Amino acid sequence: MKNFFKSLLKWIPLSALLFVGFNNCAQPVTEDYDFASTGRIEAEEMDSEKLGIPIALLSAEQTLQSMLNVTNVATAPASVLTEYNTRYGALAAGNDLSMANAPLMLSSTSLAGEVCNSMITNERAMAAADRAFFGSVNFNAGISTMSDDVVKASIRGMARSFWGRNETQDEQVLLLSYKLEFTDALAANARTQAASSANFMTALCSAMLSSLDAITY
Amino acid sequence: MKFIVWSLLLLGLSAQAQVKPDISQANPSALEMKARKIYERLTGTKLPIDSPVVAQMVAALNRGDTQAAAQLATQDPNFYNITVKLMALQLSTRDETIKTPLNDFVASMIGVTRDQTDARELLTGNFYYMGSGTGIRSNLIPDLLISNNHYDDLEKNRVNLAANLVRVEGQMIATSATATAANPDPAGVITSRTFMGAHALMGTNRRLVEYTFREFMCVPLNEWADTGASDGRIGRDIDRFPANNHTTFLTSCKGCHTVMDGFRGAFAKWDFDGMGIKHSAVNTRGGANNYTIATDTRGIVNKMNKNATIFPSGYPQNDDSFVNNATRTNNAQLFEWRGSSVGGNGTKAFGTIVSNSKRFSQCMAKRVFKTVCRKEIDINQNRELISQWGNEFEASGYKLKALFEKIAVKSQCLE
């Protein structure tokens with residue numbers, strides 16, 4: 001549990017960065033809607049359903065099920081359900097985009113962290129060739145030996161599953177820079193420890209799995 | 001509801017096919033995106049773009065067979081476990097929120113959708129749906145009739161409702177801690193514990209009428225109020241001179257009460273006490289204690305005729321008859337009644353009139369549109385379109401599953 005909270009401190013800022021930085025992940029709210037000219041919609045209107053915006057936030061139950069679907073975690077383990085129960089109140093009570101507030105994003109990230117932890121546990125138990133997302137990752141070596149190409153391959157796989165598309169160049173650059181920050185934050189001896197690779201991939205997965213494109217539909 | 005899941009965690013969720021992303025692929029094509037969108041809308045969950053289901057749906061779309069593409073999506077248990085469930089949750093209680101516990105109303109709606117029976121059964125049928133499994137409390141009286149234990153357990157244990165729910169013929173009412181009786185006037189989900197619990201708890205049973213129309217006709221009371229209709233059925237508890245002003249009654253109060261009180265008699269023998277539903281034909285008449293129902297000697301629940309001194313010349317409810325006062329021009333056009341719709345006796349007759357109207361079919365189309373397309377559609381401003389969708393629903397035999405599949409691929413939905 002202590003490690004979890006320590007990891008959380010890394011995931012939350014990255015998630016926030018992704019949420020703010022990757023607005024191109026989702027259709028901008030105001031795109032194609034000329035509010036001023038039609039006069040139909042008040043400026044303060046935030047309800048995406050009333051606005052007719054065909055993008056919706058996943059509700060709590062949808063978020064959990066979607067995260068499991070796209071990470072190949074067929075059965076929700078106890079840790080995931082416990083986290084879901086804990087965060088349930090902060091996850092969306094509907095599909096309106098205006099419900100995407102800070103507590104929701106934090107809760108999504110926390111839930112994503114547990115789901116990603118399960119996903120990586122599952123993948124590590126597989127032969128490299130059988131893995132869906134981390135086929136090129138050597139989980140027995142530290143992050144210091146992990147090349148950018150290995151990270152890029154993992155990003156691509158997760159982007160296609162979580163977001164339904166390839167990552168953009170900007171997104172890739174941002175995520176690779178996070179690897180650099182993650183590595184720099186570790187003591188030299190920690191970078192060579194095997195756990196650092198799994199921890200980084202968990203953080204990377206959590207950030208991508210809780211970004212706007214992954215929790216809207 | 002906040003789930004408390006500390007046991008039986010390994011029962012888990014429905015298994016999804018393992019998908020290995022193809023990282024050598026370019027961005028998905030427009031058709032792949034369309035297929036994924038249809039899938040996500042119908043199942044309410046995300047789908048990896050490299051899922052074989054996407055390829056199958058694309059093949060169907062390439063053939064121009066949009067229905068087949070939609071049917072691939074509705075094969076996913078999440079169509080029932082998520083999409084239909086969330087739609088039904090909103091209809092089941094007064095709060096109209098999806099953060100509502102799974103309940104008998106929702107289970108019935110999932111079951112009727114899955115079994116592709118006539119959706120009018122939802123307002124007229126004599127059935128309910130229940131599940132089973134380890135850790136699921138299933139004793140009829142304590143766990144279904146006087147509590148929500150059974151459905152709470154199904155939810156806590158994350159039971160796959162799409163596969164687990166079983167239809168049970170014959171609604172029951174608890175008449176004591178150990179005895180039950182057949183529901184004498186079953187009307188699908190209207191006489192479910194959840195709907196009755198939401199709308200027959202205290203009050204004057206008017207809310208049952210209001211919310212039946214709100215949920216199944218998609219019309220709030222103010223939109224079908226009619227000050228020009230007969231006030232002959234307005235109860236004695238309604239002040240004709242509010243604040244000593246009869247005009248207020250004539251121009252405001254009367255409008256809602258003409259139509260609502262007209263139908264209210266359908267619920268004259270029903271009550272809910274916080275535990276289970278009660279009907280005066282089977283529950284012991286007397287005080288409002290557990291399993292007994294507070295009625296007069298004719299079996300009319302006391303709350304139907306309470307506050308009778310406010311306007312003693314008002315209508316006294318003497319039986320469970322009702323009249324349809326929503327038949328003047330505007331409401332006739334709004335609801336498009338069919339069959340014998342002037343009135344009747346009891347809830348089943350009430351549910352029959354409501355579900356046989358064209359508005360019911362149109363409302364179901366509107367609800368499905370909102371659920372899968374994530375957009376509101378105004379029936380009044382899109383009458384022709386909604387009417388057409390309602391007709392398609394009826395032509396399918398009132399099958400909700402087919403309605404979902406049709407609506408999800410409409411251009412208005414995908415745009």
# chains A, B, ... in the order shown; residues from 1 in each chain; ligands from 1
>>> select_by_dssp(residues="range 125-192 of chain B", states="strand (DSSP E)", output="number ranges by chain")
B: 127-130, 166-169, 172-174, 180-182
>>> write_last_selection(atoms="N, CA and C atoms", output="PDB file, in the first residue's frame")
ATOM      1  N   PHE B 127     -44.978 -10.764 -14.411  1.00  0.00           N
ATOM      2  CA  PHE B 127     -43.698 -11.470 -14.346  1.00  0.00           C
ATOM      3  C   PHE B 127     -42.688 -10.622 -13.586  1.00  0.00           C
ATOM      4  N   TYR B 128     -41.576 -11.228 -13.287  1.00  0.00           N
ATOM      5  CA  TYR B 128     -40.409 -10.494 -12.802  1.00  0.00           C
ATOM      6  C   TYR B 128     -39.176 -11.305 -13.147  1.00  0.00           C
ATOM      7  N   TYR B 129     -38.026 -10.732 -12.977  1.00  0.00           N
ATOM      8  CA  TYR B 129     -36.776 -11.435 -13.271  1.00  0.00           C
ATOM      9  C   TYR B 129     -35.931 -11.506 -12.012  1.00  0.00           C
ATOM     10  N   MET B 130     -35.297 -12.654 -11.835  1.00  0.00           N
ATOM     11  CA  MET B 130     -34.382 -12.799 -10.712  1.00  0.00           C
ATOM     12  C   MET B 130     -33.162 -13.597 -11.145  1.00  0.00           C
ATOM     13  N   VAL B 166     -33.338 -14.833 -14.858  1.00  0.00           N
ATOM     14  CA  VAL B 166     -34.356 -15.794 -15.305  1.00  0.00           C
ATOM     15  C   VAL B 166     -35.730 -15.181 -15.088  1.00  0.00           C
ATOM     16  N   ARG B 167     -36.585 -15.365 -16.063  1.00  0.00           N
ATOM     17  CA  ARG B 167     -37.951 -14.842 -15.963  1.00  0.00           C
ATOM     18  C   ARG B 167     -38.786 -15.729 -15.043  1.00  0.00           C
ATOM     19  N   VAL B 168     -39.509 -15.089 -14.169  1.00  0.00           N
ATOM     20  CA  VAL B 168     -40.424 -15.815 -13.276  1.00  0.00           C
ATOM     21  C   VAL B 168     -41.834 -15.311 -13.556  1.00  0.00           C
ATOM     22  N   GLU B 169     -42.727 -16.204 -13.879  1.00  0.00           N
ATOM     23  CA  GLU B 169     -44.113 -15.819 -14.157  1.00  0.00           C
ATOM     24  C   GLU B 169     -44.870 -15.636 -12.847  1.00  0.00           C
ATOM     25  N   MET B 172     -45.713 -11.594  -7.030  1.00  0.00           N
ATOM     26  CA  MET B 172     -46.215 -11.975  -5.716  1.00  0.00           C
ATOM     27  C   MET B 172     -46.190 -10.786  -4.762  1.00  0.00           C
ATOM     28  N   ILE B 173     -47.015 -10.895  -3.744  1.00  0.00           N
ATOM     29  CA  ILE B 173     -47.058  -9.879  -2.694  1.00  0.00           C
ATOM     30  C   ILE B 173     -46.943 -10.593  -1.351  1.00  0.00           C
ATOM     31  N   ALA B 174     -46.106 -10.048  -0.465  1.00  0.00           N
ATOM     32  CA  ALA B 174     -45.985 -10.642   0.871  1.00  0.00           C
ATOM     33  C   ALA B 174     -47.187 -10.223   1.706  1.00  0.00           C
ATOM     34  N   THR B 180     -47.363 -15.513   1.086  1.00  0.00           N
ATOM     35  CA  THR B 180     -47.465 -14.631  -0.076  1.00  0.00           C
ATOM     36  C   THR B 180     -48.804 -14.865  -0.762  1.00  0.00           C
ATOM     37  N   ALA B 181     -49.143 -13.921  -1.622  1.00  0.00           N
ATOM     38  CA  ALA B 181     -50.341 -14.075  -2.447  1.00  0.00           C
ATOM     39  C   ALA B 181     -50.012 -13.578  -3.846  1.00  0.00           C
ATOM     40  N   ALA B 182     -50.715 -14.131  -4.806  1.00  0.00           N
ATOM     41  CA  ALA B 182     -50.498 -13.673  -6.181  1.00  0.00           C
ATOM     42  C   ALA B 182     -50.940 -12.226  -6.301  1.00  0.00           C
TER      43      ALA B 182
END
>>> interface_residues(of="chain A", to="chain B", cutoff="6 Å", atoms="only C-alpha atoms", output="list in words")
Glu49, Gly52, Pro54, Gln62, Ser66, Val70, Asn72, Ala74, Thr75, Ala76, Ala78, Asn85, Ala93, Ala132, Arg156, Gly157, Arg160, Ser161, Gly164, Arg165 and Asn166 of chain A
>>> write_last_selection(atoms="N, CA and C atoms", output="PDB file, in the first residue's frame")
ATOM      1  N   GLU A  49     -24.980  16.707 -23.087  1.00  0.00           N
ATOM      2  CA  GLU A  49     -26.131  16.095 -23.729  1.00  0.00           C
ATOM      3  C   GLU A  49     -27.062  17.163 -24.282  1.00  0.00           C
ATOM      4  N   GLY A  52     -25.846  18.656 -27.301  1.00  0.00           N
ATOM      5  CA  GLY A  52     -25.860  17.793 -28.469  1.00  0.00           C
ATOM      6  C   GLY A  52     -24.479  17.350 -28.889  1.00  0.00           C
ATOM      7  N   PRO A  54     -21.770  14.818 -29.307  1.00  0.00           N
ATOM      8  CA  PRO A  54     -21.804  13.353 -29.334  1.00  0.00           C
ATOM      9  C   PRO A  54     -20.587  12.703 -28.693  1.00  0.00           C
ATOM     10  N   GLN A  62     -19.116   2.107 -16.241  1.00  0.00           N
ATOM     11  CA  GLN A  62     -18.548   2.018 -17.584  1.00  0.00           C
ATOM     12  C   GLN A  62     -17.030   2.176 -17.557  1.00  0.00           C
ATOM     13  N   SER A  66     -14.646  -0.657 -18.963  1.00  0.00           N
ATOM     14  CA  SER A  66     -13.836  -0.290 -20.127  1.00  0.00           C
ATOM     15  C   SER A  66     -12.357  -0.499 -19.846  1.00  0.00           C
ATOM     16  N   VAL A  70     -10.019  -3.018 -22.195  1.00  0.00           N
ATOM     17  CA  VAL A  70      -8.924  -2.606 -23.076  1.00  0.00           C
ATOM     18  C   VAL A  70      -7.554  -3.050 -22.573  1.00  0.00           C
ATOM     19  N   ASN A  72      -7.140  -6.164 -21.285  1.00  0.00           N
ATOM     20  CA  ASN A  72      -7.184  -7.633 -21.278  1.00  0.00           C
ATOM     21  C   ASN A  72      -7.242  -8.222 -19.869  1.00  0.00           C
ATOM     22  N   ALA A  74      -9.405  -9.837 -17.709  1.00  0.00           N
ATOM     23  CA  ALA A  74     -10.729 -10.434 -17.868  1.00  0.00           C
ATOM     24  C   ALA A  74     -11.525 -10.429 -16.570  1.00  0.00           C
ATOM     25  N   THR A  75     -10.867 -10.676 -15.482  1.00  0.00           N
ATOM     26  CA  THR A  75     -11.553 -10.739 -14.196  1.00  0.00           C
ATOM     27  C   THR A  75     -10.958  -9.692 -13.264  1.00  0.00           C
ATOM     28  N   ALA A  76     -11.820  -8.873 -12.720  1.00  0.00           N
ATOM     29  CA  ALA A  76     -11.333  -7.809 -11.850  1.00  0.00           C
ATOM     30  C   ALA A  76     -10.802  -8.394 -10.553  1.00  0.00           C
ATOM     31  N   ALA A  78      -9.231  -8.414  -6.616  1.00  0.00           N
ATOM     32  CA  ALA A  78      -9.708  -7.743  -5.399  1.00  0.00           C
ATOM     33  C   ALA A  78      -9.187  -6.324  -5.281  1.00  0.00           C
ATOM     34  N   ASN A  85     -14.495   0.557  -5.405  1.00  0.00           N
ATOM     35  CA  ASN A  85     -15.447   0.870  -4.336  1.00  0.00           C
ATOM     36  C   ASN A  85     -15.068   2.151  -3.611  1.00  0.00           C
ATOM     37  N   ALA A  93     -21.446  10.148 -12.290  1.00  0.00           N
ATOM     38  CA  ALA A  93     -22.793   9.637 -12.035  1.00  0.00           C
ATOM     39  C   ALA A  93     -23.636   9.715 -13.294  1.00  0.00           C
ATOM     40  N   ALA A 132       0.568  -8.774 -24.975  1.00  0.00           N
ATOM     41  CA  ALA A 132      -0.160  -7.866 -25.869  1.00  0.00           C
ATOM     42  C   ALA A 132       0.495  -6.493 -25.929  1.00  0.00           C
ATOM     43  N   ARG A 156       2.443   2.714 -28.398  1.00  0.00           N
ATOM     44  CA  ARG A 156       1.600   2.462 -29.561  1.00  0.00           C
ATOM     45  C   ARG A 156       0.523   1.405 -29.258  1.00  0.00           C
ATOM     46  N   GLY A 157       0.962   0.350 -28.610  1.00  0.00           N
ATOM     47  CA  GLY A 157       0.008  -0.709 -28.285  1.00  0.00           C
ATOM     48  C   GLY A 157      -1.090  -0.215 -27.358  1.00  0.00           C
ATOM     49  N   ARG A 160      -3.508   2.259 -29.182  1.00  0.00           N
ATOM     50  CA  ARG A 160      -4.485   1.593 -30.055  1.00  0.00           C
ATOM     51  C   ARG A 160      -5.596   0.915 -29.245  1.00  0.00           C
ATOM     52  N   SER A 161      -5.230   0.387 -28.102  1.00  0.00           N
ATOM     53  CA  SER A 161      -6.258  -0.277 -27.288  1.00  0.00           C
ATOM     54  C   SER A 161      -7.053   0.703 -26.440  1.00  0.00           C
ATOM     55  N   GLY A 164      -8.065   3.817 -29.168  1.00  0.00           N
ATOM     56  CA  GLY A 164      -8.630   3.432 -30.452  1.00  0.00           C
ATOM     57  C   GLY A 164      -7.939   4.083 -31.638  1.00  0.00           C
ATOM     58  N   ARG A 165      -6.727   4.505 -31.458  1.00  0.00           N
ATOM     59  CA  ARG A 165      -5.977   5.160 -32.539  1.00  0.00           C
ATOM     60  C   ARG A 165      -4.503   5.156 -32.174  1.00  0.00           C
ATOM     61  N   ASN A 166      -3.663   5.520 -33.147  1.00  0.00           N
ATOM     62  CA  ASN A 166      -2.244   5.674 -32.822  1.00  0.00           C
ATOM     63  C   ASN A 166      -2.026   6.984 -32.077  1.00  0.00           C
TER      64      ASN A 166
END
>>> residues_around(residues="Met99 in chain A", least_positions_apart="2", cutoff="10 Å", atoms="only C-alpha atoms", output="list in words")
Met46, Asp47, Ser48, Ala56, Leu57, Leu58, Ser59, Ala90, Leu91, Ala92, Ala93, Gly94, Asn95, Asp96, Leu97, Asn101, Ala102, Pro103, Leu104 and Met105 of chain A
>>> atom_distance(atom1="CA of Ser411 in chain B", atom2="CA of Phe216 in chain B")
24.7 Å
>>> atom_distance(atom1="CA of Met119 in chain A", atom2="CA of Tyr178 in chain A")
20.4 Å
>>> residues_around(residues="range 347-362 of chain B", least_positions_apart="6", cutoff="7 Å", atoms="only C-alpha atoms", output="count of residues only")
22
>>> residues_around(residues="range 241-251 of chain B", least_positions_apart="4", cutoff="12 Å", atoms="only C-alpha atoms", output="PyMOL selection string")
chain B and resi 225-231+234+237+255-258+310-311
>>> write_last_selection(atoms="N, CA and C atoms", output="short mmCIF file (atom, residue, chain, number, x, y, z; two decimals), in the first residue's frame")
data_model
loop_
_atom_site.label_atom_id
_atom_site.label_comp_id
_atom_site.auth_asym_id
_atom_site.auth_seq_id
_atom_site.Cartn_x
_atom_site.Cartn_y
_atom_site.Cartn_z
N ALA B 225 -50.76 18.81 -18.99
CA ALA B 225 -51.82 19.41 -18.16
C ALA B 225 -52.87 20.04 -19.08
N ASP B 226 -54.10 19.98 -18.67
CA ASP B 226 -55.18 20.51 -19.53
C ASP B 226 -56.26 21.15 -18.65
N THR B 227 -56.25 22.45 -18.61
CA THR B 227 -57.24 23.15 -17.78
C THR B 227 -58.64 23.07 -18.36
N GLY B 228 -58.72 22.68 -19.62
CA GLY B 228 -60.03 22.60 -20.26
C GLY B 228 -60.72 21.26 -20.08
N ALA B 229 -60.00 20.30 -19.51
CA ALA B 229 -60.59 18.96 -19.35
C ALA B 229 -61.52 18.95 -18.13
N SER B 230 -62.26 17.88 -18.02
CA SER B 230 -63.22 17.76 -16.92
C SER B 230 -62.52 17.71 -15.57
N ASP B 231 -63.12 18.43 -14.61
CA ASP B 231 -62.55 18.38 -13.26
C ASP B 231 -63.34 17.43 -12.37
N ILE B 234 -61.29 15.27 -9.91
CA ILE B 234 -60.30 15.88 -9.01
C ILE B 234 -60.72 15.65 -7.56
N ASP B 237 -59.13 16.57 -1.77
CA ASP B 237 -57.99 17.17 -1.05
C ASP B 237 -57.38 18.34 -1.83
N GLY B 255 -55.21 22.22 -14.23
CA GLY B 255 -54.60 21.65 -15.43
C GLY B 255 -53.95 20.30 -15.17
N CYS B 256 -53.13 20.24 -14.13
CA CYS B 256 -52.45 18.98 -13.81
C CYS B 256 -53.42 17.96 -13.24
N HIS B 257 -54.35 18.44 -12.40
CA HIS B 257 -55.20 17.49 -11.68
C HIS B 257 -56.30 16.89 -12.55
N THR B 258 -56.71 17.57 -13.60
CA THR B 258 -57.73 16.95 -14.46
C THR B 258 -57.20 15.64 -15.04
N ILE B 310 -61.18 19.52 2.64
CA ILE B 310 -60.67 20.71 1.96
C ILE B 310 -61.66 21.18 0.89
N PHE B 311 -62.18 20.23 0.15
CA PHE B 311 -63.24 20.56 -0.81
C PHE B 311 -64.18 19.35 -0.86
#
>>> residues_around(residues="range 197-200 of chain B", least_positions_apart="2", cutoff="12 Å", atoms="only C-alpha atoms", output="PyMOL selection string")
chain B and resi 91-96+100+103-105+145-148+189-195+202-212+264+267-279+301+303-304
>>> write_last_selection(atoms="N, CA and C atoms", output="compact mmCIF listing (two decimals), in the first residue's frame")
# COMPACT_ATOMS: atom_id res chain seq x y z
N LEU B 91 -34.91 5.21 -15.11
CA LEU B 91 -36.37 5.21 -15.15
C LEU B 91 -36.97 4.66 -13.85
N SER B 92 -36.14 4.01 -13.06
CA SER B 92 -36.71 3.21 -11.98
C SER B 92 -37.03 3.97 -10.70
N THR B 93 -36.42 5.10 -10.50
CA THR B 93 -36.65 5.78 -9.22
C THR B 93 -36.98 7.25 -9.43
N ARG B 94 -37.31 7.88 -8.34
CA ARG B 94 -37.71 9.28 -8.41
C ARG B 94 -36.52 10.19 -8.76
N ASP B 95 -35.34 9.78 -8.34
CA ASP B 95 -34.16 10.61 -8.58
C ASP B 95 -33.71 10.57 -10.04
N GLU B 96 -34.11 9.57 -10.75
CA GLU B 96 -33.74 9.39 -12.16
C GLU B 96 -32.23 9.46 -12.36
N THR B 100 -28.07 4.33 -8.74
CA THR B 100 -29.19 3.70 -8.06
C THR B 100 -28.88 2.20 -8.00
N ASN B 103 -32.18 -3.27 -9.22
CA ASN B 103 -33.45 -3.58 -8.57
C ASN B 103 -34.35 -4.39 -9.49
N ASP B 104 -35.53 -4.73 -9.01
CA ASP B 104 -36.42 -5.60 -9.79
C ASP B 104 -36.91 -4.93 -11.07
N PHE B 105 -37.11 -3.63 -11.03
CA PHE B 105 -37.52 -2.88 -12.22
C PHE B 105 -36.47 -3.04 -13.32
N LEU B 145 -39.37 -9.54 -1.86
CA LEU B 145 -40.65 -8.85 -1.70
C LEU B 145 -40.61 -7.72 -0.67
N ILE B 146 -39.78 -7.84 0.35
CA ILE B 146 -39.77 -6.75 1.34
C ILE B 146 -38.39 -6.11 1.47
N SER B 147 -37.48 -6.45 0.59
CA SER B 147 -36.17 -5.78 0.58
C SER B 147 -35.59 -5.91 -0.82
N ASN B 148 -34.47 -5.25 -1.01
CA ASN B 148 -33.78 -5.33 -2.31
C ASN B 148 -32.55 -6.23 -2.20
N VAL B 189 -43.48 -3.49 -14.69
CA VAL B 189 -42.61 -2.77 -13.76
C VAL B 189 -43.36 -1.71 -12.96
N ILE B 190 -44.55 -1.36 -13.39
CA ILE B 190 -45.33 -0.39 -12.60
C ILE B 190 -45.62 -0.97 -11.22
N THR B 191 -45.86 -2.26 -11.17
CA THR B 191 -46.13 -2.90 -9.88
C THR B 191 -44.88 -3.61 -9.34
N SER B 192 -43.72 -3.18 -9.81
CA SER B 192 -42.48 -3.68 -9.21
C SER B 192 -42.29 -3.01 -7.85
N ARG B 193 -41.54 -3.66 -7.02
CA ARG B 193 -41.28 -3.09 -5.69
C ARG B 193 -40.59 -1.74 -5.81
N THR B 194 -39.69 -1.63 -6.76
CA THR B 194 -38.92 -0.39 -6.89
C THR B 194 -39.78 0.79 -7.32
N PHE B 195 -40.60 0.59 -8.34
CA PHE B 195 -41.43 1.70 -8.84
C PHE B 195 -42.48 2.10 -7.81
N MET B 202 -46.17 6.84 0.81
CA MET B 202 -46.91 8.00 1.32
C MET B 202 -47.62 8.73 0.17
N GLY B 203 -47.77 10.04 0.27
CA GLY B 203 -48.41 10.78 -0.81
C GLY B 203 -49.84 10.38 -1.04
N THR B 204 -50.30 10.55 -2.26
CA THR B 204 -51.70 10.29 -2.60
C THR B 204 -51.82 9.44 -3.87
N ASN B 205 -50.76 8.75 -4.20
CA ASN B 205 -50.69 7.87 -5.38
C ASN B 205 -50.80 8.64 -6.71
N ARG B 206 -50.74 9.94 -6.63
CA ARG B 206 -50.73 10.70 -7.90
C ARG B 206 -49.38 10.57 -8.60
N ARG B 207 -48.34 10.42 -7.77
CA ARG B 207 -47.00 10.35 -8.36
C ARG B 207 -46.83 9.14 -9.26
N LEU B 208 -47.58 8.09 -8.98
CA LEU B 208 -47.51 6.91 -9.84
C LEU B 208 -47.95 7.25 -11.26
N VAL B 209 -48.97 8.08 -11.35
CA VAL B 209 -49.45 8.50 -12.68
C VAL B 209 -48.42 9.42 -13.32
N GLU B 210 -48.00 10.39 -12.54
CA GLU B 210 -47.05 11.38 -13.08
C GLU B 210 -45.79 10.70 -13.63
N TYR B 211 -45.24 9.77 -12.85
CA TYR B 211 -43.98 9.16 -13.26
C TYR B 211 -44.14 8.07 -14.32
N THR B 212 -45.30 7.45 -14.37
CA THR B 212 -45.52 6.52 -15.47
C THR B 212 -45.48 7.29 -16.79
N ARG B 264 -55.72 8.51 -11.59
CA ARG B 264 -55.25 8.09 -10.27
C ARG B 264 -56.02 6.91 -9.69
N PHE B 267 -54.78 3.31 -9.15
CA PHE B 267 -53.92 2.91 -8.04
C PHE B 267 -54.64 2.98 -6.69
N ALA B 268 -55.95 2.97 -6.74
CA ALA B 268 -56.75 3.18 -5.53
C ALA B 268 -56.57 2.08 -4.49
N LYS B 269 -56.09 0.91 -4.91
CA LYS B 269 -55.96 -0.19 -3.96
C LYS B 269 -54.52 -0.54 -3.63
N TRP B 270 -53.62 0.35 -4.01
CA TRP B 270 -52.19 0.08 -3.83
C TRP B 270 -51.57 0.95 -2.75
N ASP B 271 -50.57 0.38 -2.09
CA ASP B 271 -49.79 1.17 -1.13
C ASP B 271 -48.40 0.55 -1.00
N PHE B 272 -47.52 1.31 -0.45
CA PHE B 272 -46.16 0.84 -0.17
C PHE B 272 -45.76 1.44 1.17
N ASP B 273 -45.16 0.62 2.03
CA ASP B 273 -44.89 1.10 3.38
C ASP B 273 -43.41 1.18 3.73
N GLY B 274 -42.57 1.09 2.71
CA GLY B 274 -41.14 1.09 2.98
C GLY B 274 -40.56 -0.30 2.98
N MET B 275 -41.43 -1.30 3.01
CA MET B 275 -40.94 -2.68 2.94
C MET B 275 -41.34 -3.33 1.63
N GLY B 276 -42.64 -3.53 1.47
CA GLY B 276 -43.10 -4.20 0.26
C GLY B 276 -44.36 -3.55 -0.29
N ILE B 277 -44.75 -4.00 -1.50
CA ILE B 277 -45.96 -3.46 -2.10
C ILE B 277 -47.17 -4.13 -1.43
N LYS B 278 -48.29 -3.42 -1.42
CA LYS B 278 -49.50 -3.93 -0.79
C LYS B 278 -50.70 -3.64 -1.68
N HIS B 279 -51.61 -4.60 -1.73
CA HIS B 279 -52.86 -4.42 -2.47
C HIS B 279 -54.00 -4.87 -1.56
N VAL B 301 -57.45 2.62 -0.48
CA VAL B 301 -56.46 3.05 0.51
C VAL B 301 -56.82 4.44 1.03
N LYS B 303 -55.25 6.98 1.84
CA LYS B 303 -54.61 8.19 1.32
C LYS B 303 -55.29 8.71 0.05
N MET B 304 -56.11 7.88 -0.59
CA MET B 304 -56.83 8.35 -1.78
C MET B 304 -57.91 9.35 -1.42
>>> residues_around(residues="Ala214 in chain A", least_positions_apart="4", cutoff="8 Å", atoms="only C-alpha atoms", output="list in words")
Phe162, Trp163, Met208, Leu209 and Ser210 of chain A; Lys46 of chain B
>>> write_last_selection(atoms="N, CA and C atoms", output="CSV table (one decimal), in the first residue's frame")
chain,number,residue,atom,x,y,z
A,162,PHE,N,-6.4,1.6,-25.8
A,162,PHE,CA,-7.1,2.5,-24.9
A,162,PHE,C,-7.8,3.7,-25.6
A,163,TRP,N,-7.1,4.2,-26.7
A,163,TRP,CA,-7.7,5.3,-27.3
A,163,TRP,C,-8.3,5.0,-28.7
A,208,MET,N,-2.0,6.9,-19.4
A,208,MET,CA,-2.8,6.7,-20.7
A,208,MET,C,-4.2,6.2,-20.5
A,209,LEU,N,-4.3,5.3,-19.5
A,209,LEU,CA,-5.6,4.7,-19.3
A,209,LEU,C,-6.6,5.7,-18.6
A,210,SER,N,-6.1,6.7,-18.0
A,210,SER,CA,-7.0,7.7,-17.3
A,210,SER,C,-7.1,9.0,-18.1
B,46,LYS,N,-15.4,0.8,-23.9
B,46,LYS,CA,-14.4,1.0,-24.9
B,46,LYS,C,-14.0,-0.4,-25.5
>>> atom_distance(atom1="CA of Tyr39 in chain B", atom2="CA of Thr121 in chain A")
28.3 Å
>>> select_by_dssp(residues="range 24-206 of chain A", states="helix (DSSP H, G or I)", output="PyMOL selection string")
chain A and resi 24-25+35-38+48-51+60-70+78-90+97-99+102-124+128-130+143-145+148-163+169-184+188-191+194-206
>>> closest_residue(among="B:Leu161, B:Leu61, B:Ala30, B:Ala69", to="Val106 in chain B", atoms="only C-alpha atoms")
B:Leu161
